[in-house]
>>> print(open('final.txt').read())   # compact mmCIF, C-alpha atoms
# COMPACT_ATOMS: atom_id res chain seq x y z
CA MET A 28 0.00 0.00 0.00
CA ASP A 29 1.12 3.53 -0.80
CA LEU A 30 0.76 5.36 2.53
CA VAL A 31 2.67 8.51 1.58
CA ALA A 32 0.55 11.28 0.08
CA ASP A 33 1.59 12.50 -3.37
CA CYS A 34 -0.50 15.54 -4.30
CA SER A 35 0.91 15.54 -7.85
CA ARG A 36 -1.02 12.31 -8.48
CA CYS A 37 -4.29 13.55 -6.96
CA VAL A 38 -6.96 16.00 -8.11
CA GLY A 39 -7.13 18.08 -4.95
CA LEU A 40 -9.69 15.83 -3.26
CA CYS A 41 -8.99 17.13 0.24
CA CYS A 42 -9.50 20.67 -1.08
CA VAL A 43 -12.97 19.75 -2.31
CA LEU A 44 -14.43 16.91 -0.30
CA LEU A 45 -13.46 17.93 3.24
CA PRO A 46 -15.29 20.64 5.21
CA PHE A 47 -13.69 23.07 7.64
CA GLN A 48 -14.73 25.97 9.83
CA ARG A 49 -13.13 29.31 10.45
CA SER A 50 -10.82 28.89 13.42
CA ALA A 51 -7.19 29.05 14.44
CA ASP A 52 -6.60 26.40 11.77
CA PHE A 53 -8.61 27.85 8.88
CA ALA A 54 -9.21 31.40 7.69
CA PHE A 55 -12.78 30.80 6.46
CA ASP A 56 -15.64 28.28 6.36
CA LYS A 57 -15.94 25.66 3.63
CA ALA A 58 -18.64 23.04 3.17
CA ALA A 59 -17.97 19.44 2.18
CA GLY A 60 -17.99 19.15 -1.61
CA GLU A 61 -17.26 22.85 -2.11
CA PRO A 62 -13.92 23.54 -3.83
CA CYS A 63 -11.59 25.65 -1.72
CA ARG A 64 -11.35 29.22 -3.00
CA HIS A 65 -7.59 28.75 -3.34
CA LEU A 66 -7.83 25.70 -5.63
CA ASP A 67 -6.88 26.46 -9.23
CA ASP A 68 -8.14 24.82 -12.42
CA GLY A 69 -5.23 22.39 -12.38
CA HIS A 70 -6.25 21.05 -8.94
CA ARG A 71 -3.34 22.80 -7.25
CA CYS A 72 -3.28 25.21 -4.31
CA ARG A 73 -2.58 28.81 -5.29
CA ILE A 74 -1.20 29.66 -1.83
CA HIS A 75 0.65 26.45 -1.01
CA ALA A 76 3.87 28.33 -0.27
CA SER A 77 2.15 30.68 2.20
CA LEU A 78 -0.49 28.52 3.89
CA LEU A 79 0.62 29.40 7.42
CA GLU A 80 0.80 33.12 6.69
CA ASP A 81 -2.68 32.97 5.13
CA GLY A 82 -4.26 31.31 8.16
CA MET A 83 -4.53 27.78 6.75
CA ARG A 84 -2.57 25.85 9.37
CA GLY A 85 -5.02 22.96 9.11
CA CYS A 86 -3.99 22.38 5.50
CA VAL A 87 -0.33 22.17 6.50
CA ALA A 88 -1.16 19.52 9.10
CA TYR A 89 -3.49 17.45 6.92
CA ASP A 90 -2.40 14.11 5.47
CA CYS A 91 -4.53 11.58 3.58
CA PHE A 92 -2.07 8.69 4.08
CA GLY A 93 -1.89 8.27 0.30
CA ALA A 94 -5.62 7.76 -0.19
CA GLY A 95 -5.88 10.70 -2.58
CA GLN A 96 -3.66 9.33 -5.31
CA THR A 97 -4.94 5.79 -4.74
CA VAL A 98 -8.56 6.63 -5.58
CA THR A 99 -7.63 9.21 -8.23
CA GLU A 100 -5.54 6.76 -10.26
CA ALA A 101 -8.19 4.04 -9.90
CA ASP A 102 -10.99 6.48 -10.84
CA ARG A 103 -12.79 5.75 -7.56
CA LEU A 104 -13.17 9.24 -6.13
CA GLY A 105 -16.33 8.27 -4.26
CA ASP A 106 -14.29 5.86 -2.12
CA PHE A 107 -11.95 8.56 -0.81
CA HIS A 108 -13.28 8.77 2.75
CA LEU A 109 -13.30 5.00 3.27
CA VAL A 110 -9.90 4.45 1.65
CA GLU A 111 -8.43 7.22 3.79
CA GLN A 112 -9.60 5.41 6.93
CA VAL A 113 -8.16 2.11 5.70
CA HIS A 114 -4.82 3.73 4.89
CA GLU A 115 -4.68 5.40 8.32
CA ILE A 116 -5.26 2.07 10.05
CA ALA A 117 -2.58 0.50 7.87
CA TRP A 118 -0.16 3.28 8.89
CA TYR A 119 -0.56 2.33 12.56
CA LEU A 120 -0.35 -1.39 11.80
CA ALA A 121 3.04 -0.82 10.20
CA ASP A 122 4.33 0.36 13.59
CA ALA A 123 2.73 -2.66 15.26
CA GLY A 124 4.43 -4.96 12.75
CA ASP A 125 1.30 -6.96 11.90
CA SER A 126 1.75 -8.08 8.30
CA THR A 127 -1.47 -10.13 8.22
CA LEU A 128 -3.77 -7.25 9.09
CA THR A 129 -1.78 -4.92 6.86
CA ALA A 130 -2.38 -7.28 3.95
CA ASP A 131 -6.09 -7.37 4.81
CA ALA A 132 -6.10 -3.58 4.78
CA GLY A 133 -4.53 -3.57 1.33
CA ARG A 134 -7.24 -5.83 -0.01
CA LEU A 135 -9.99 -3.78 1.66
CA ALA A 136 -8.65 -0.55 0.16
CA GLY A 137 -9.39 -2.01 -3.27
CA SER A 138 -13.09 -2.37 -2.50
CA PRO A 139 -13.93 -0.62 0.77
CA THR A 140 -17.23 -0.73 2.64
CA ALA A 141 -18.22 0.94 5.90
CA GLU A 142 -18.71 -2.48 7.46
CA GLY A 143 -15.32 -3.66 6.26
CA VAL A 144 -13.59 -0.59 7.70
CA ALA A 145 -15.35 -1.03 11.05
CA ASP A 146 -14.30 -4.68 11.17
CA LEU A 147 -10.68 -3.85 10.30
CA ARG A 148 -10.57 -1.17 13.00
CA ALA A 149 -12.03 -3.55 15.62
CA ARG A 150 -9.41 -6.17 14.75
CA ALA A 151 -6.61 -3.60 14.80
CA VAL A 152 -7.38 -2.18 18.26
CA PRO A 153 -6.04 -5.11 20.34
CA VAL A 154 -3.04 -5.49 18.01
CA LEU A 155 -2.06 -1.84 18.43
CA ARG A 156 -2.53 -1.99 22.21
CA ALA A 157 -0.43 -5.14 22.49
CA ALA A 158 2.39 -3.58 20.47
CA ALA A 159 2.35 -0.51 22.72
CA GLU A 160 2.45 -2.71 25.82
CA ARG A 161 5.48 -4.58 24.48
CA ALA A 162 7.26 -1.31 23.72
CA ARG A 163 6.68 0.19 27.16
CA ALA A 164 7.66 -2.99 29.00
CA ALA A 165 11.28 -1.90 28.68
CA TYR A 166 10.68 1.23 30.78
CA VAL A 167 10.22 1.01 34.53
CA GLY A 168 7.84 3.60 35.94
CA TRP A 169 6.33 4.62 32.60
CA ARG A 170 3.55 7.16 32.93
CA ASP A 171 -0.08 6.48 32.05
CA LEU A 172 -1.38 9.80 30.73
CA ALA A 173 -3.89 8.36 28.30
CA GLY A 174 -6.83 10.70 27.74
CA ALA A 175 -5.49 13.35 30.14
CA ASP A 176 -6.06 17.05 29.46
CA LEU A 177 -2.55 18.49 29.47
CA ALA A 178 -3.25 21.48 27.26
CA GLY A 179 -0.57 24.09 27.86
CA ALA A 180 1.32 21.88 30.32
CA ASP A 181 5.04 22.40 30.82
CA LEU A 182 6.59 18.97 30.28
CA ARG A 183 9.94 20.16 29.02
CA ASP A 184 12.84 17.71 29.40
CA GLU A 185 10.65 15.13 31.15
CA ASP A 186 11.28 11.43 30.72
CA LEU A 187 8.23 10.17 28.84
CA ARG A 188 9.77 6.92 27.68
CA GLY A 189 7.07 4.28 27.36
CA ALA A 190 4.36 6.76 28.35
CA SER A 191 0.80 6.16 27.25
CA LEU A 192 -0.26 9.39 25.54
CA ARG A 193 -3.12 7.74 23.68
CA GLY A 194 -5.81 10.36 23.14
CA THR A 195 -4.00 12.83 25.41
CA VAL A 196 -4.75 16.52 24.88
CA LEU A 197 -1.40 18.27 24.53
CA ILE A 198 -2.56 21.40 22.71
CA GLY A 199 0.04 24.13 23.18
CA ALA A 200 2.05 21.99 25.60
CA GLY A 201 5.80 22.31 26.02
CA LEU A 202 7.52 19.01 25.27
CA ASP A 203 10.92 20.40 24.31
CA GLY A 204 13.73 17.98 25.02
CA CYS A 205 11.42 15.11 26.04
CA ASP A 206 12.48 11.54 25.42
CA LEU A 207 9.42 9.76 23.98
CA ALA A 208 11.01 6.43 23.11
CA GLY A 209 8.33 3.74 23.19
CA ALA A 210 5.57 6.26 23.90
CA ASP A 211 2.11 5.51 22.51
CA MET A 212 1.09 8.63 20.54
CA LEU A 213 -2.08 7.24 18.98
CA GLY A 214 -4.62 10.05 18.74
CA ALA A 215 -2.59 12.48 20.86
CA ASP A 216 -3.65 16.06 20.08
CA VAL A 217 -0.42 18.04 19.81
CA ARG A 218 -1.71 21.08 17.92
CA GLY A 219 0.47 24.07 18.67
CA ALA A 220 2.73 22.06 20.97
CA SER A 221 6.49 22.59 21.03
CA MET A 222 8.80 19.59 20.62
CA ALA A 223 12.10 21.29 19.83
CA GLY A 224 14.91 18.92 20.77
CA ALA A 225 12.46 16.14 21.66
CA ASP A 226 13.13 12.56 20.60
CA LEU A 227 10.15 11.03 18.80
CA SER A 228 12.29 8.72 16.71
CA ARG A 229 11.19 5.58 18.57
CA ALA A 230 7.67 6.65 19.54
CA LEU A 231 4.71 4.64 18.27
CA TYR A 232 1.87 5.75 15.99
CA VAL A 233 3.18 9.21 15.13
CA THR A 234 1.61 10.68 11.99
CA ARG A 235 2.36 13.49 9.57
CA ARG A 236 -0.80 15.15 10.82
CA GLN A 237 0.67 15.36 14.31
CA LEU A 238 4.05 16.62 13.12
CA GLY A 239 2.39 19.17 10.85
CA SER A 240 0.32 20.56 13.70
CA LEU A 241 3.30 21.26 15.98
CA ARG A 242 4.50 24.80 16.65
CA LEU A 243 8.10 23.58 16.88
CA ARG A 244 9.13 20.18 15.54
CA PRO A 245 11.96 17.83 16.54
CA ASP A 246 15.02 17.83 14.34
CA GLU A 247 15.51 15.08 11.78
CA ALA A 248 17.28 12.77 14.23
CA GLY A 249 14.37 13.11 16.65
CA THR A 250 11.76 12.35 13.99
CA PRO A 251 10.52 8.80 13.27
CA PRO A 252 12.52 7.44 10.29
CA ARG A 253 9.54 7.04 7.98
CA LEU A 254 8.50 10.64 8.59
CA ARG A 255 11.84 12.21 7.78
CA ALA A 256 11.99 14.41 4.69
>>> encode(input="final.txt", output="structure tokens")
Amino acid sequence: MDLVADCSRCVGLCCVLLPFQRSADFAFDKAAGEPCRHLDDGHRCRIHASLLEDGMRGCVAYDCFGAGQTVTEADRLGDFHLVEQVHEIAWYLADAGDSTLTADAGRLAGSPTAEGVADLRARAVPVLRAAAERARAAYVGWRDLAGADLAGADLRDEDLRGASLRGTVLIGAGLDGCDLAGADMLGADVRGASMAGADLSRALYVTRRQLGSLRLRPDEAGTPPRLRA
């Protein structure tokens, strides 16, 4: 499966199909199915080089996990939302190292159904949890912060090795210099957080969406290998 987005092989599906509301992430409202005002006739963004300056931080953080080019090249645009979900699940399964479920995801992406996606997700949940448990087993005293509201918290230079940050709200938090080896980052909301000097290279379930939403990112050495430029 191709899990790396390539906008040159897509027709701007995210700029048309996805809705957004005026907020800190978007400069204006847009309904689902309405082409973004910045989309040109060639399906390219007119302001791609200045998205942050133009108030479109959400576009910088967005990633379709390769679903856009997959459905575009197969002429299956109507499957975009389902294929995107399948590709996202497959992205996490790659960290968990489950080749069987990853293969099932690849087959499902070719002919997705809502029921099939729900079944794949249900089967993936225990696999992802078990992989996170194995990773954190190496760290004595790991912290369970799953689901906690740590918006704006100062966690700079803390040892978060093996920590469960699943679903944790870390909006605007300071995580500079943190060691996150073996940490479970599934669903962690890190919008506007600072991770300068942090080590995410061995964290689990980190996505481009999370990295793109950070105020300050780790350097290349502190970034998971498959997310390095």
>>> closest_atom_pairs(input="final.txt", of="segment 40-153 of chain A", to="segment 239-252 of chain A", cutoff="10 Å", atoms="only C-alpha atoms", output="tab-separated table")
residue	atom	partner	partner_atom	distance
A:Asp52	CA	A:Ser240	CA	9.3
A:Arg84	CA	A:Ser240	CA	7.4
A:Gly85	CA	A:Ser240	CA	7.4
A:Cys86	CA	A:Gly239	CA	8.9
A:Val87	CA	A:Gly239	CA	5.9
A:Ala88	CA	A:Gly239	CA	4.0
A:Tyr89	CA	A:Gly239	CA	7.3
A:Asp90	CA	A:Gly239	CA	8.8
>>> residues_around(input="final.txt", residues="segment 128-133 of chain A", least_positions_apart="5", cutoff="7 Å", atoms="all atoms listed in the file", output="count of residues only")
4
>>> residues_around(input="final.txt", residues="Ala178 of chain A", least_positions_apart="3", cutoff="6 Å", atoms="only C-alpha atoms", output="number ranges by chain")
A: 196-200
>>> write_last_selection(input="final.txt", atoms="C-alpha atoms", output="short mmCIF file (atom, residue, chain, number, x, y, z; two decimals), in the coordinates of the input")
data_model
loop_
_atom_site.label_atom_id
_atom_site.label_comp_id
_atom_site.auth_asym_id
_atom_site.auth_seq_id
_atom_site.Cartn_x
_atom_site.Cartn_y
_atom_site.Cartn_z
CA VAL A 196 -4.75 16.52 24.88
CA LEU A 197 -1.40 18.27 24.53
CA ILE A 198 -2.56 21.40 22.71
CA GLY A 199 0.04 24.13 23.18
CA ALA A 200 2.05 21.99 25.60
#
>>> atom_distance(input="final.txt", atom1="atom CA of Ala230 of chain A", atom2="atom CA of Leu254 of chain A")
11.7 Å
>>> closest_residue(input="final.txt", among="A:Asp81, A:Leu182, A:Asp203, A:Val31", to="Phe55 of chain A", atoms="all atoms listed in the file")
A:Asp81
>>> closest_residue(input="final.txt", among="A:Leu202, A:Leu207, A:Leu213, A:Glu185", to="Val152 of chain A", atoms="all atoms listed in the file")
A:Leu213
>>> closest_residue(input="final.txt", among="A:Val110, A:Ala94, A:Ala173, A:Val167", to="Leu30 of chain A", atoms="all atoms listed in the file")
A:Ala94
>>> residues_around(input="final.txt", residues="Ala141 of chain A", least_positions_apart="2", cutoff="12 Å", atoms="all atoms listed in the file", output="CSV table (one decimal) with C-alpha atoms, in the coordinates of the input")
chain,number,residue,atom,x,y,z
A,106,ASP,CA,-14.3,5.9,-2.1
A,107,PHE,CA,-12.0,8.6,-0.8
A,108,HIS,CA,-13.3,8.8,2.8
A,109,LEU,CA,-13.3,5.0,3.3
A,110,VAL,CA,-9.9,4.4,1.6
A,111,GLU,CA,-8.4,7.2,3.8
A,112,GLN,CA,-9.6,5.4,6.9
A,113,VAL,CA,-8.2,2.1,5.7
A,135,LEU,CA,-10.0,-3.8,1.7
A,136,ALA,CA,-8.6,-0.6,0.2
A,138,SER,CA,-13.1,-2.4,-2.5
A,139,PRO,CA,-13.9,-0.6,0.8
A,143,GLY,CA,-15.3,-3.7,6.3
A,144,VAL,CA,-13.6,-0.6,7.7
A,145,ALA,CA,-15.4,-1.0,11.0
A,146,ASP,CA,-14.3,-4.7,11.2
A,147,LEU,CA,-10.7,-3.8,10.3
A,148,ARG,CA,-10.6,-1.2,13.0
>>> atom_distance(input="final.txt", atom1="atom CA of Gly179 of chain A", atom2="atom CA of Asp206 of chain A")
18.3 Å
>>> residues_around(input="final.txt", residues="Trp118 of chain A", least_positions_apart="2", cutoff="8 Å", atoms="all atoms listed in the file", output="list in words")
Leu30, Phe92, His114, Glu115, Ile116, Leu120, Ala121, Asp122 and Tyr232 of chain A
>>> atom_distance(input="final.txt", atom1="atom CA of Arg156 of chain A", atom2="atom CA of Ala210 of chain A")
11.7 Å
>>> closest_residue(input="final.txt", among="A:Ala220, A:Ala157, A:Met212, A:Leu79", to="Val233 of chain A", atoms="all atoms listed in the file")
A:Met212
>>> residues_around(input="final.txt", residues="Arg49 of chain A", least_positions_apart="2", cutoff="12 Å", atoms="all atoms listed in the file", output="list in words")
Pro46, Phe47, Ala51, Asp52, Phe53, Ala54, Phe55, Asp56, Lys57, Ala58, Gly82, Met83, Arg84 and Gly85 of chain A
>>> closest_residue(input="final.txt", among="A:Val154, A:Ala215, A:Ala149, A:Leu227", to="Asp125 of chain A", atoms="only C-alpha atoms")
A:Val154
